[in-house]
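Novice: For reference, the structure I am asking about is given below.
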Amino acid sequence: MPLVDMRDLLQHAYRERYAVGAFDLVGLDFLEAIMAGAKATRAPVILSLAESHFEHYDFELAMAATVAAARRAAVPVAIHLDHGATLESAVRGIHLGCNGVMVDASTQVFDENIARTRAVVEMAHACGVPVEGELGYVAGVEGEDAEKHSGEVIYTVPSEAKTYVARTGVDFLAVSIGTVHGRLRGEPKLDFARLKEINQTLRLPLVIHGGTGLSDWQYRQLIEHGVTKINYYTALADAAGASIRARAAQDARAGYTGLLKDVRAAIRAEVERCIKLWGSAGRADELLKVCRSWTPVQHVIIYNVKGISDAEVEAMMARGREVLATIPGVLRVVTGRAVATEARYRFSWLVEFAHRAVIDSYRDHPLHRQFADQVFRPIAGDRISIDFDHVEAAPGPPAARARESATN
């Protein structure tokens with residue numbers, strides 16, 4: 001069960017006073033290096049995909065690889081959408097497999113930030129997915145990530161943070177206390193008194209964006225005052241860039257794979273350094289005992305139809321695939337026809353949910369209710385509907401649990 005509930009993961013880190021690295025990836029080299037570093041140190045890890053980086057890769061393809069890497073891992077993993085721009089971004093992230101989301105409304109005025117974040121929380125919680133909000137603004141200074149976060153730093157106000165958390169219902173809060181996106185200029189000056197007050201006021205896991213360039217002592221102070229998730233990218237990108245430049249200097253004729261030969265090792269070394277520094281090394285086994293597994297649910301319907309032709313059945317199923325796939329928390333919709341002509345039931349639906357919570361939110365969603373009540377149920381009275389937990393291959397007998405669905 002390497003893919004775990006991110007809420008459980010960060011609550012454990014908060015109680016035990018360590019931080020989990022949320023390492024942004026921009027390609028397979030980053031993904032494989034991050035996972036190798038987590039495996040080598042027996043540490044939990046958050047695979048972070050930032051919408052501000054989508055110009056560098058296809059998000060859907062990257063998520064397929066990220067989910068595959070998480071599910072085959074031997075350490076606890078969560079997958080996070082970072083700096084999503086809209087509610088629709090969060091819906092898409094969950095649809096593709098993210099089990100933590102952050103939609104960044106920190107540039108908006110206070111009430112608008114609350115309204116946008118609350119909308120994301122209501123949607124994501126209905127899918128079982130925790131949400132990170134941001135109050136204050138972490139600006140960029142220099143480096144490839146800085147231009148995405150223009151403007152001046154706005155510090156988080158503790159009294160506003162209390163109101164913000166109460167009105168939005170976020171699970172984690174990203175705070176601004178002096179870090180910056182990209183590279184720092186000069187000695188970083190962090191407002192630990194502010195952070196301490198925020199932590200004492202909220203008592204929930206805190207997040208730092210712009211984690212590159214701090215001293216060991218500063219990292220320890222962050223963790224001491226409630227920071228349990230540290231977003232980290234610039235130093236990984238710089239390590240990769242330095243590796244490529246070194247290879248080019250050694251061999252001016254090196255091709256693409258030659259230039260990238262040492263990139264994974266460079267990224268991995270930085271990941272391992274951070275993991276050890278932030279106190280998450282060696283935590284994998286205890287976390288696997290206390291964190292809930294993040295497993296999808298298979299919503300299965302087998303049915304017969306009455307009063308319509310096979311062509312009309314095909315049209316109905318095509319419409320259902322189109323409509324139902326847009327409901328938050330639905331990972332995929334598959335329709336089928338029995339292979340054997342003498343089968344008791346001729347047709348099937350397989351709707352995969354991101355989490356058990358989606359069973360109820362899907363059932364009650366207006367798009368599902370309209371399709372089920374007006375299109376499907378009137379012609380499919382003979383049907384069976386069951387929800388199954390997805391069970392990964394593992395030693396011992398299968399532990400699949402099934403229960404009758406309210407869709408029936």
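Each chain in the structure tokens gets a letter, A, B, ..., in the order shown, and its residues are numbered from 1; ligands are numbered from 1 in order too.
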Need to verify the contact set: A:Gly136, 10 Å, only C-alpha atoms, exclusion of same-chain residues closer than 3 positions in sequence. Can you return it as a PDB file with all heavy atoms, in the first residue's frame?

Specialist:
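For reference, out21.pdb as written:
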ATOM      1  N   ALA A 105      -4.824  30.659  -4.485  1.00  0.00           N
ATOM      2  CA  ALA A 105      -5.568  31.920  -4.604  1.00  0.00           C
ATOM      3  C   ALA A 105      -4.926  32.995  -3.744  1.00  0.00           C
ATOM      4  O   ALA A 105      -5.571  33.976  -3.362  1.00  0.00           O
ATOM      5  CB  ALA A 105      -7.023  31.709  -4.197  1.00  0.00           C
ATOM      6  N   SER A 106      -3.638  32.831  -3.442  1.00  0.00           N
ATOM      7  CA  SER A 106      -2.961  33.723  -2.504  1.00  0.00           C
ATOM      8  C   SER A 106      -2.788  35.140  -3.048  1.00  0.00           C
ATOM      9  O   SER A 106      -2.561  36.079  -2.280  1.00  0.00           O
ATOM     10  CB  SER A 106      -1.589  33.152  -2.120  1.00  0.00           C
ATOM     11  OG  SER A 106      -0.744  33.032  -3.258  1.00  0.00           O
ATOM     12  N   THR A 107      -2.909  35.318  -4.365  1.00  0.00           N
ATOM     13  CA  THR A 107      -2.788  36.660  -4.929  1.00  0.00           C
ATOM     14  C   THR A 107      -4.103  37.440  -4.865  1.00  0.00           C
ATOM     15  O   THR A 107      -4.133  38.635  -5.177  1.00  0.00           O
ATOM     16  CB  THR A 107      -2.331  36.590  -6.392  1.00  0.00           C
ATOM     17  OG1 THR A 107      -3.274  35.815  -7.138  1.00  0.00           O
ATOM     18  CG2 THR A 107      -0.951  35.959  -6.496  1.00  0.00           C
ATOM     19  N   GLN A 108      -5.173  36.769  -4.451  1.00  0.00           N
ATOM     20  CA  GLN A 108      -6.483  37.406  -4.377  1.00  0.00           C
ATOM     21  C   GLN A 108      -6.659  38.110  -3.025  1.00  0.00           C
ATOM     22  O   GLN A 108      -5.953  37.812  -2.057  1.00  0.00           O
ATOM     23  CB  GLN A 108      -7.591  36.356  -4.562  1.00  0.00           C
ATOM     24  CG  GLN A 108      -7.460  35.539  -5.827  1.00  0.00           C
ATOM     25  CD  GLN A 108      -7.511  36.384  -7.080  1.00  0.00           C
ATOM     26  OE1 GLN A 108      -8.389  37.243  -7.230  1.00  0.00           O
ATOM     27  NE2 GLN A 108      -6.574  36.155  -7.992  1.00  0.00           N
ATOM     28  N   PHE A 110      -8.448  38.842   0.542  1.00  0.00           N
ATOM     29  CA  PHE A 110      -8.700  37.840   1.575  1.00  0.00           C
ATOM     30  C   PHE A 110     -10.007  37.073   1.349  1.00  0.00           C
ATOM     31  O   PHE A 110     -10.022  35.828   1.338  1.00  0.00           O
ATOM     32  CB  PHE A 110      -8.725  38.541   2.945  1.00  0.00           C
ATOM     33  CG  PHE A 110      -8.843  37.608   4.119  1.00  0.00           C
ATOM     34  CD1 PHE A 110      -7.859  36.677   4.401  1.00  0.00           C
ATOM     35  CD2 PHE A 110      -9.945  37.674   4.953  1.00  0.00           C
ATOM     36  CE1 PHE A 110      -7.959  35.827   5.497  1.00  0.00           C
ATOM     37  CE2 PHE A 110     -10.060  36.835   6.048  1.00  0.00           C
ATOM     38  CZ  PHE A 110      -9.067  35.915   6.315  1.00  0.00           C
ATOM     39  N   ALA A 139       6.931  35.234  -2.981  1.00  0.00           N
ATOM     40  CA  ALA A 139       7.325  35.772  -4.285  1.00  0.00           C
ATOM     41  C   ALA A 139       8.555  35.051  -4.824  1.00  0.00           C
ATOM     42  O   ALA A 139       9.218  34.279  -4.115  1.00  0.00           O
ATOM     43  CB  ALA A 139       7.604  37.267  -4.155  1.00  0.00           C
ATOM     44  N   VAL A 153       6.863  39.892  -1.481  1.00  0.00           N
ATOM     45  CA  VAL A 153       6.456  38.973  -0.418  1.00  0.00           C
ATOM     46  C   VAL A 153       5.380  39.630   0.445  1.00  0.00           C
ATOM     47  O   VAL A 153       5.491  40.794   0.824  1.00  0.00           O
ATOM     48  CB  VAL A 153       7.664  38.592   0.463  1.00  0.00           C
ATOM     49  CG1 VAL A 153       7.215  37.771   1.666  1.00  0.00           C
ATOM     50  CG2 VAL A 153       8.694  37.813  -0.363  1.00  0.00           C
ATOM     51  N   ILE A 154       4.323  38.862   0.726  1.00  0.00           N
ATOM     52  CA  ILE A 154       3.282  39.292   1.673  1.00  0.00           C
ATOM     53  C   ILE A 154       3.275  38.282   2.811  1.00  0.00           C
ATOM     54  O   ILE A 154       3.023  37.090   2.589  1.00  0.00           O
ATOM     55  CB  ILE A 154       1.900  39.363   1.006  1.00  0.00           C
ATOM     56  CG1 ILE A 154       1.922  40.354  -0.160  1.00  0.00           C
ATOM     57  CG2 ILE A 154       0.834  39.755   2.030  1.00  0.00           C
ATOM     58  CD1 ILE A 154       0.631  40.363  -0.971  1.00  0.00           C
ATOM     59  N   TYR A 155       3.566  38.718   4.012  1.00  0.00           N
ATOM     60  CA  TYR A 155       3.679  37.814   5.147  1.00  0.00           C
ATOM     61  C   TYR A 155       2.293  37.373   5.634  1.00  0.00           C
ATOM     62  O   TYR A 155       1.312  38.126   5.575  1.00  0.00           O
ATOM     63  CB  TYR A 155       4.445  38.482   6.281  1.00  0.00           C
ATOM     64  CG  TYR A 155       5.928  38.594   6.025  1.00  0.00           C
ATOM     65  CD1 TYR A 155       6.448  39.616   5.243  1.00  0.00           C
ATOM     66  CD2 TYR A 155       6.802  37.659   6.565  1.00  0.00           C
ATOM     67  CE1 TYR A 155       7.801  39.715   4.996  1.00  0.00           C
ATOM     68  CE2 TYR A 155       8.165  37.749   6.329  1.00  0.00           C
ATOM     69  CZ  TYR A 155       8.659  38.773   5.535  1.00  0.00           C
ATOM     70  OH  TYR A 155      10.010  38.858   5.288  1.00  0.00           O
ATOM     71  N   THR A 156       2.223  36.150   6.122  1.00  0.00           N
ATOM     72  CA  THR A 156       0.982  35.614   6.681  1.00  0.00           C
ATOM     73  C   THR A 156       0.703  36.258   8.030  1.00  0.00           C
ATOM     74  O   THR A 156       1.586  36.322   8.892  1.00  0.00           O
ATOM     75  CB  THR A 156       1.084  34.087   6.859  1.00  0.00           C
ATOM     76  OG1 THR A 156       1.439  33.500   5.599  1.00  0.00           O
ATOM     77  CG2 THR A 156      -0.231  33.509   7.345  1.00  0.00           C
ATOM     78  N   VAL A 157      -0.519  36.715   8.233  1.00  0.00           N
ATOM     79  CA  VAL A 157      -0.942  37.324   9.495  1.00  0.00           C
ATOM     80  C   VAL A 157      -1.628  36.247  10.337  1.00  0.00           C
ATOM     81  O   VAL A 157      -2.612  35.642   9.895  1.00  0.00           O
ATOM     82  CB  VAL A 157      -1.918  38.494   9.247  1.00  0.00           C
ATOM     83  CG1 VAL A 157      -2.404  39.078  10.576  1.00  0.00           C
ATOM     84  CG2 VAL A 157      -1.244  39.558   8.388  1.00  0.00           C
ATOM     85  N   GLU A 160      -5.453  36.422  10.733  1.00  0.00           N
ATOM     86  CA  GLU A 160      -6.138  36.119   9.484  1.00  0.00           C
ATOM     87  C   GLU A 160      -6.070  34.626   9.173  1.00  0.00           C
ATOM     88  O   GLU A 160      -7.027  34.051   8.623  1.00  0.00           O
ATOM     89  CB  GLU A 160      -5.524  36.915   8.335  1.00  0.00           C
ATOM     90  CG  GLU A 160      -5.800  38.405   8.394  1.00  0.00           C
ATOM     91  CD  GLU A 160      -5.241  39.139   7.192  1.00  0.00           C
ATOM     92  OE1 GLU A 160      -4.440  38.522   6.442  1.00  0.00           O
ATOM     93  OE2 GLU A 160      -5.597  40.313   6.985  1.00  0.00           O
ATOM     94  N   ALA A 161      -4.955  33.994   9.519  1.00  0.00           N
ATOM     95  CA  ALA A 161      -4.807  32.561   9.280  1.00  0.00           C
ATOM     96  C   ALA A 161      -5.863  31.765  10.038  1.00  0.00           C
ATOM     97  O   ALA A 161      -6.429  30.794   9.519  1.00  0.00           O
ATOM     98  CB  ALA A 161      -3.408  32.103   9.675  1.00  0.00           C
ATOM     99  N   ALA A 174      -0.107  26.638   3.694  1.00  0.00           N
ATOM    100  CA  ALA A 174       1.180  27.189   3.257  1.00  0.00           C
ATOM    101  C   ALA A 174       1.286  28.623   3.757  1.00  0.00           C
ATOM    102  O   ALA A 174       0.368  29.421   3.562  1.00  0.00           O
ATOM    103  CB  ALA A 174       1.282  27.147   1.734  1.00  0.00           C
ATOM    104  N   VAL A 175       2.395  28.927   4.418  1.00  0.00           N
ATOM    105  CA  VAL A 175       2.558  30.236   5.043  1.00  0.00           C
ATOM    106  C   VAL A 175       3.739  30.975   4.422  1.00  0.00           C
ATOM    107  O   VAL A 175       4.662  30.363   3.880  1.00  0.00           O
ATOM    108  CB  VAL A 175       2.754  30.101   6.565  1.00  0.00           C
ATOM    109  CG1 VAL A 175       1.515  29.503   7.208  1.00  0.00           C
ATOM    110  CG2 VAL A 175       3.989  29.262   6.891  1.00  0.00           C
ATOM    111  N   SER A 176       3.692  32.288   4.525  1.00  0.00           N
ATOM    112  CA  SER A 176       4.765  33.149   4.025  1.00  0.00           C
ATOM    113  C   SER A 176       5.452  33.811   5.215  1.00  0.00           C
ATOM    114  O   SER A 176       4.853  34.635   5.914  1.00  0.00           O
ATOM    115  CB  SER A 176       4.190  34.214   3.084  1.00  0.00           C
ATOM    116  OG  SER A 176       5.206  35.105   2.671  1.00  0.00           O
ATOM    117  N   ILE A 177       6.715  33.440   5.435  1.00  0.00           N
ATOM    118  CA  ILE A 177       7.475  34.002   6.561  1.00  0.00           C
ATOM    119  C   ILE A 177       8.855  34.493   6.114  1.00  0.00           C
ATOM    120  O   ILE A 177       9.722  34.745   6.952  1.00  0.00           O
ATOM    121  CB  ILE A 177       7.628  32.988   7.709  1.00  0.00           C
ATOM    122  CG1 ILE A 177       8.392  31.749   7.223  1.00  0.00           C
ATOM    123  CG2 ILE A 177       6.282  32.613   8.300  1.00  0.00           C
ATOM    124  CD1 ILE A 177       8.954  30.896   8.338  1.00  0.00           C
TER     125      ILE A 177
END

Novice: Name the residues in contact with stretch 350-360 of chain A at a cut-off of 6 Å, using only C-alpha atoms, excluding same-chain residues fewer than 6 positions from it; report them as a tab-separated table (two decimals) with C-alpha atoms, in the first residue's frame.

Specialist:
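Contents of result-v3.tsv, freshly written:
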chain	number	residue	atom	x	y	z
A	127	CYS	CA	-13.56	12.82	-3.00
A	128	GLY	CA	-11.65	12.08	0.23
A	296	PRO	CA	-9.47	3.23	-5.72
A	297	VAL	CA	-12.96	1.72	-5.61
A	298	GLN	CA	-14.44	-0.20	-8.53
A	299	HIS	CA	-18.14	0.63	-9.03
A	300	VAL	CA	-19.46	-2.30	-11.08
A	329	GLY	CA	-13.36	11.74	-8.13
A	330	VAL	CA	-14.06	9.54	-11.16
A	331	LEU	CA	-10.82	8.10	-12.52
A	332	ARG	CA	-12.27	6.30	-15.53
A	333	VAL	CA	-15.50	4.96	-17.02
A	334	VAL	CA	-15.51	1.70	-18.99

Novice: Which one of A:Ala70, A:His56, A:Arg321, A:His125 sits closest to A:Ala90 if you count only C-alpha atoms?

Specialist: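 Of all the options, A:His125 lies closest to A:Ala90.
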
Novice: Residues near A:Ile301, anyone? I mean within 9 Å using only C-alpha atoms, not counting same-chain ones fewer than 5 positions away, as a PyMOL selection string.

Specialist: chain A and resi 347-351+383-387+408

Novice: Any chance you could export the current selection's N, CA and C atoms as a PDB file, in the first residue's frame?

Specialist:
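Final output, saved to part08.pdb:
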ATOM      1  N   PHE A 347     -24.633  -6.551 -20.441  1.00  0.00           N
ATOM      2  CA  PHE A 347     -23.868  -5.302 -20.486  1.00  0.00           C
ATOM      3  C   PHE A 347     -23.282  -4.970 -19.110  1.00  0.00           C
ATOM      4  N   SER A 348     -22.280  -4.077 -19.137  1.00  0.00           N
ATOM      5  CA  SER A 348     -21.642  -3.723 -17.861  1.00  0.00           C
ATOM      6  C   SER A 348     -21.127  -2.289 -17.881  1.00  0.00           C
ATOM      7  N   TRP A 349     -21.021  -1.740 -16.665  1.00  0.00           N
ATOM      8  CA  TRP A 349     -20.310  -0.489 -16.400  1.00  0.00           C
ATOM      9  C   TRP A 349     -19.190  -0.796 -15.408  1.00  0.00           C
ATOM     10  N   LEU A 350     -18.044  -0.179 -15.599  1.00  0.00           N
ATOM     11  CA  LEU A 350     -16.996  -0.143 -14.586  1.00  0.00           C
ATOM     12  C   LEU A 350     -16.611   1.319 -14.411  1.00  0.00           C
ATOM     13  N   VAL A 351     -16.962   1.887 -13.259  1.00  0.00           N
ATOM     14  CA  VAL A 351     -16.631   3.269 -12.956  1.00  0.00           C
ATOM     15  C   VAL A 351     -15.643   3.240 -11.792  1.00  0.00           C
ATOM     16  N   ARG A 383     -30.689  -5.333 -13.045  1.00  0.00           N
ATOM     17  CA  ARG A 383     -29.281  -4.949 -12.875  1.00  0.00           C
ATOM     18  C   ARG A 383     -28.792  -5.308 -11.476  1.00  0.00           C
ATOM     19  N   ILE A 384     -27.485  -5.431 -11.357  1.00  0.00           N
ATOM     20  CA  ILE A 384     -26.802  -5.633 -10.073  1.00  0.00           C
ATOM     21  C   ILE A 384     -25.680  -4.603  -9.989  1.00  0.00           C
ATOM     22  N   SER A 385     -25.547  -3.948  -8.847  1.00  0.00           N
ATOM     23  CA  SER A 385     -24.522  -2.924  -8.657  1.00  0.00           C
ATOM     24  C   SER A 385     -23.770  -3.195  -7.363  1.00  0.00           C
ATOM     25  N   ILE A 386     -22.439  -3.247  -7.440  1.00  0.00           N
ATOM     26  CA  ILE A 386     -21.592  -3.527  -6.274  1.00  0.00           C
ATOM     27  C   ILE A 386     -20.360  -2.633  -6.341  1.00  0.00           C
ATOM     28  N   ASP A 387     -19.899  -2.153  -5.177  1.00  0.00           N
ATOM     29  CA  ASP A 387     -18.651  -1.405  -5.082  1.00  0.00           C
ATOM     30  C   ASP A 387     -17.577  -2.293  -4.472  1.00  0.00           C
ATOM     31  N   ASN A 408     -28.024   1.234  -6.916  1.00  0.00           N
ATOM     32  CA  ASN A 408     -28.931   0.163  -7.291  1.00  0.00           C
ATOM     33  C   ASN A 408     -30.379   0.562  -7.063  1.00  0.00           C
TER      34      ASN A 408
END

Novice: Rounded to one decimal, what separation in Å do you get between atom CA of A:Tyr14 and atom CA of A:Glu51?

Specialist: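 So the answer is 26.4 Å.
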
Novice: Which neighbours of A:Gln221 fall inside 10 Å, counting only C-alpha atoms, when residues of the same chain fewer than 6 positions from it are skipped, and could you give them as a CSV table (one decimal) with N, CA and C atoms, in the first residue's frame?

Specialist:
chain,number,residue,atom,x,y,z
A,190,LEU,N,14.2,34.7,8.1
A,190,LEU,CA,12.9,34.1,8.3
A,190,LEU,C,12.3,34.6,9.6
A,192,PHE,N,10.6,33.6,12.4
A,192,PHE,CA,10.2,32.5,13.2
A,192,PHE,C,9.2,32.8,14.3
A,195,LEU,N,6.0,32.5,12.6
A,195,LEU,CA,5.7,31.1,12.4
A,195,LEU,C,5.2,30.4,13.7
A,196,LYS,N,5.9,30.7,14.8
A,196,LYS,CA,5.5,30.1,16.1
A,196,LYS,C,4.1,30.5,16.5
A,215,SER,N,19.6,27.4,5.7
A,215,SER,CA,20.6,26.7,6.5
A,215,SER,C,20.0,25.5,7.3
A,227,VAL,N,6.1,23.1,10.7
A,227,VAL,CA,6.2,22.8,9.2
A,227,VAL,C,6.5,21.4,9.0

Novice: As a compact mmCIF listing (two decimals) with all heavy atoms, in the first residue's frame, please: every residue in stretch 254-383 of chain A that DSSP puts in strand (DSSP E or B).

Specialist:
# COMPACT_ATOMS: atom_id res chain seq x y z
N SER A 293 -4.15 3.16 3.41
CA SER A 293 -3.80 2.98 2.01
C SER A 293 -4.75 3.80 1.14
O SER A 293 -5.94 3.91 1.42
CB SER A 293 -3.91 1.50 1.64
OG SER A 293 -3.69 1.31 0.26
N VAL A 297 -11.78 2.58 -5.75
CA VAL A 297 -12.96 1.72 -5.61
C VAL A 297 -13.52 1.45 -7.00
O VAL A 297 -13.63 2.36 -7.82
CB VAL A 297 -14.03 2.39 -4.72
CG1 VAL A 297 -15.35 1.64 -4.79
CG2 VAL A 297 -13.54 2.45 -3.28
N GLN A 298 -13.86 0.19 -7.26
CA GLN A 298 -14.44 -0.20 -8.53
C GLN A 298 -15.97 -0.29 -8.37
O GLN A 298 -16.47 -1.11 -7.64
CB GLN A 298 -13.89 -1.56 -8.99
CG GLN A 298 -12.38 -1.71 -8.88
CD GLN A 298 -11.63 -0.83 -9.84
OE1 GLN A 298 -12.17 -0.40 -10.85
NE2 GLN A 298 -10.37 -0.55 -9.55
N HIS A 299 -16.67 0.61 -9.04
CA HIS A 299 -18.14 0.63 -9.03
C HIS A 299 -18.59 -0.17 -10.25
O HIS A 299 -18.41 0.26 -11.39
CB HIS A 299 -18.63 2.07 -9.09
CG HIS A 299 -20.11 2.23 -9.18
ND1 HIS A 299 -20.98 1.79 -8.22
CD2 HIS A 299 -20.89 2.80 -10.16
CE1 HIS A 299 -22.22 2.09 -8.57
NE2 HIS A 299 -22.19 2.69 -9.74
N VAL A 300 -19.15 -1.36 -10.01
CA VAL A 300 -19.46 -2.30 -11.08
C VAL A 300 -20.98 -2.46 -11.20
O VAL A 300 -21.67 -2.69 -10.19
CB VAL A 300 -18.81 -3.68 -10.82
CG1 VAL A 300 -19.15 -4.65 -11.93
CG2 VAL A 300 -17.29 -3.52 -10.68
N ILE A 301 -21.48 -2.35 -12.41
CA ILE A 301 -22.90 -2.61 -12.69
C ILE A 301 -22.97 -3.60 -13.85
O ILE A 301 -22.35 -3.38 -14.90
CB ILE A 301 -23.67 -1.33 -13.06
CG1 ILE A 301 -23.53 -0.27 -11.98
CG2 ILE A 301 -25.15 -1.65 -13.30
CD1 ILE A 301 -24.14 1.07 -12.36
N ILE A 302 -23.70 -4.69 -13.65
CA ILE A 302 -24.03 -5.59 -14.76
C ILE A 302 -25.54 -5.52 -14.94
O ILE A 302 -26.29 -5.46 -13.98
CB ILE A 302 -23.54 -7.02 -14.50
CG1 ILE A 302 -24.03 -7.55 -13.14
CG2 ILE A 302 -22.02 -7.09 -14.58
CD1 ILE A 302 -23.67 -9.01 -12.89
N TYR A 303 -25.97 -5.54 -16.22
CA TYR A 303 -27.39 -5.25 -16.44
C TYR A 303 -27.87 -5.77 -17.80
O TYR A 303 -27.08 -6.08 -18.69
CB TYR A 303 -27.63 -3.74 -16.36
CG TYR A 303 -26.94 -2.92 -17.42
CD1 TYR A 303 -27.63 -2.48 -18.55
CD2 TYR A 303 -25.59 -2.56 -17.29
CE1 TYR A 303 -27.00 -1.72 -19.52
CE2 TYR A 303 -24.96 -1.80 -18.26
CZ TYR A 303 -25.67 -1.39 -19.38
OH TYR A 303 -25.04 -0.65 -20.34
N VAL A 330 -13.97 10.66 -10.23
CA VAL A 330 -14.06 9.54 -11.16
C VAL A 330 -12.75 9.44 -11.94
O VAL A 330 -12.33 10.40 -12.60
CB VAL A 330 -15.24 9.71 -12.13
CG1 VAL A 330 -15.19 8.65 -13.23
CG2 VAL A 330 -16.56 9.62 -11.36
N LEU A 331 -12.09 8.30 -11.83
CA LEU A 331 -10.82 8.10 -12.52
C LEU A 331 -11.01 7.63 -13.95
O LEU A 331 -10.26 8.02 -14.84
CB LEU A 331 -9.96 7.09 -11.76
CG LEU A 331 -9.64 7.43 -10.30
CD1 LEU A 331 -8.74 6.35 -9.69
CD2 LEU A 331 -8.97 8.79 -10.18
N ARG A 332 -12.00 6.76 -14.17
CA ARG A 332 -12.27 6.30 -15.53
C ARG A 332 -13.65 5.66 -15.58
O ARG A 332 -14.20 5.23 -14.55
CB ARG A 332 -11.21 5.29 -16.02
CG ARG A 332 -11.14 4.01 -15.20
CD ARG A 332 -10.05 3.09 -15.69
NE ARG A 332 -9.99 1.88 -14.88
CZ ARG A 332 -9.92 0.64 -15.38
NH1 ARG A 332 -9.91 0.46 -16.69
NH2 ARG A 332 -9.83 -0.39 -14.57
N VAL A 333 -14.20 5.60 -16.78
CA VAL A 333 -15.50 4.96 -17.02
C VAL A 333 -15.33 4.00 -18.19
O VAL A 333 -14.92 4.40 -19.29
CB VAL A 333 -16.59 5.99 -17.34
CG1 VAL A 333 -17.94 5.29 -17.56
CG2 VAL A 333 -16.71 7.02 -16.22
N VAL A 334 -15.64 2.73 -17.96
CA VAL A 334 -15.51 1.70 -18.99
C VAL A 334 -16.86 1.01 -19.15
O VAL A 334 -17.51 0.66 -18.16
CB VAL A 334 -14.44 0.65 -18.60
CG1 VAL A 334 -14.33 -0.43 -19.66
CG2 VAL A 334 -13.09 1.32 -18.37
N THR A 335 -17.28 0.82 -20.38
CA THR A 335 -18.50 0.06 -20.65
C THR A 335 -18.15 -1.23 -21.36
O THR A 335 -17.12 -1.33 -22.05
CB THR A 335 -19.47 0.87 -21.53
OG1 THR A 335 -18.80 1.30 -22.71
CG2 THR A 335 -19.97 2.10 -20.77
N GLY A 336 -19.00 -2.25 -21.19
CA GLY A 336 -18.69 -3.55 -21.77
C GLY A 336 -19.92 -4.30 -22.24
O GLY A 336 -21.05 -3.99 -21.86
N ARG A 337 -19.65 -5.31 -23.04
CA ARG A 337 -20.69 -6.21 -23.55
C ARG A 337 -20.22 -7.64 -23.30
O ARG A 337 -19.04 -7.96 -23.48
CB ARG A 337 -20.89 -5.97 -25.05
CG ARG A 337 -21.95 -6.85 -25.71
CD ARG A 337 -21.90 -6.68 -27.22
NE ARG A 337 -22.29 -5.34 -27.62
CZ ARG A 337 -23.54 -5.01 -27.92
NH1 ARG A 337 -24.50 -5.92 -27.86
NH2 ARG A 337 -23.84 -3.77 -28.29
N PHE A 347 -24.63 -6.55 -20.44
CA PHE A 347 -23.87 -5.30 -20.49
C PHE A 347 -23.28 -4.97 -19.11
O PHE A 347 -23.75 -5.48 -18.10
CB PHE A 347 -24.76 -4.15 -20.95
CG PHE A 347 -25.43 -4.40 -22.27
CD1 PHE A 347 -26.78 -4.75 -22.33
CD2 PHE A 347 -24.72 -4.29 -23.46
CE1 PHE A 347 -27.40 -4.98 -23.54
CE2 PHE A 347 -25.34 -4.53 -24.68
CZ PHE A 347 -26.68 -4.88 -24.73
N SER A 348 -22.28 -4.08 -19.14
CA SER A 348 -21.64 -3.72 -17.86
C SER A 348 -21.13 -2.29 -17.88
O SER A 348 -20.84 -1.72 -18.94
CB SER A 348 -20.47 -4.67 -17.56
OG SER A 348 -19.42 -4.47 -18.50
N TRP A 349 -21.02 -1.74 -16.67
CA TRP A 349 -20.31 -0.49 -16.40
C TRP A 349 -19.19 -0.80 -15.41
O TRP A 349 -19.37 -1.58 -14.48
CB TRP A 349 -21.21 0.55 -15.72
CG TRP A 349 -22.33 1.11 -16.53
CD1 TRP A 349 -23.62 0.66 -16.54
CD2 TRP A 349 -22.28 2.22 -17.42
NE1 TRP A 349 -24.38 1.44 -17.37
CE2 TRP A 349 -23.58 2.40 -17.92
CE3 TRP A 349 -21.27 3.08 -17.81
CZ2 TRP A 349 -23.90 3.41 -18.83
CZ3 TRP A 349 -21.58 4.09 -18.71
CH2 TRP A 349 -22.88 4.24 -19.21
N LEU A 350 -18.04 -0.18 -15.60
CA LEU A 350 -17.00 -0.14 -14.59
C LEU A 350 -16.61 1.32 -14.41
O LEU A 350 -16.05 1.93 -15.33
CB LEU A 350 -15.77 -0.96 -14.99
CG LEU A 350 -14.53 -0.80 -14.10
CD1 LEU A 350 -14.84 -1.23 -12.66
CD2 LEU A 350 -13.35 -1.58 -14.63
N VAL A 351 -16.96 1.89 -13.26
CA VAL A 351 -16.63 3.27 -12.96
C VAL A 351 -15.64 3.24 -11.79
O VAL A 351 -15.97 2.74 -10.71
CB VAL A 351 -17.88 4.10 -12.58
CG1 VAL A 351 -17.50 5.56 -12.41
CG2 VAL A 351 -18.96 3.95 -13.64
N GLU A 352 -14.45 3.74 -12.01
CA GLU A 352 -13.41 3.69 -10.98
C GLU A 352 -13.38 5.01 -10.21
O GLU A 352 -13.24 6.08 -10.81
CB GLU A 352 -12.04 3.42 -11.61
CG GLU A 352 -10.95 3.17 -10.57
CD GLU A 352 -9.66 2.69 -11.19
OE1 GLU A 352 -9.26 3.22 -12.25
OE2 GLU A 352 -9.04 1.78 -10.62
N PHE A 353 -13.53 4.90 -8.89
CA PHE A 353 -13.52 6.07 -8.01
C PHE A 353 -12.15 6.22 -7.36
O PHE A 353 -11.49 5.23 -7.03
CB PHE A 353 -14.56 5.93 -6.90
CG PHE A 353 -15.99 5.80 -7.37
CD1 PHE A 353 -16.92 5.12 -6.60
CD2 PHE A 353 -16.41 6.36 -8.56
CE1 PHE A 353 -18.25 5.00 -7.00
CE2 PHE A 353 -17.73 6.26 -8.98
CZ PHE A 353 -18.65 5.57 -8.20
N ARG A 383 -30.69 -5.33 -13.04
CA ARG A 383 -29.28 -4.95 -12.87
C ARG A 383 -28.79 -5.31 -11.48
O ARG A 383 -29.57 -5.46 -10.53
CB ARG A 383 -29.10 -3.45 -13.11
CG ARG A 383 -29.81 -2.57 -12.10
CD ARG A 383 -29.66 -1.08 -12.44
NE ARG A 383 -30.26 -0.25 -11.40
CZ ARG A 383 -31.53 0.13 -11.40
NH1 ARG A 383 -32.35 -0.26 -12.37
NH2 ARG A 383 -32.00 0.90 -10.43
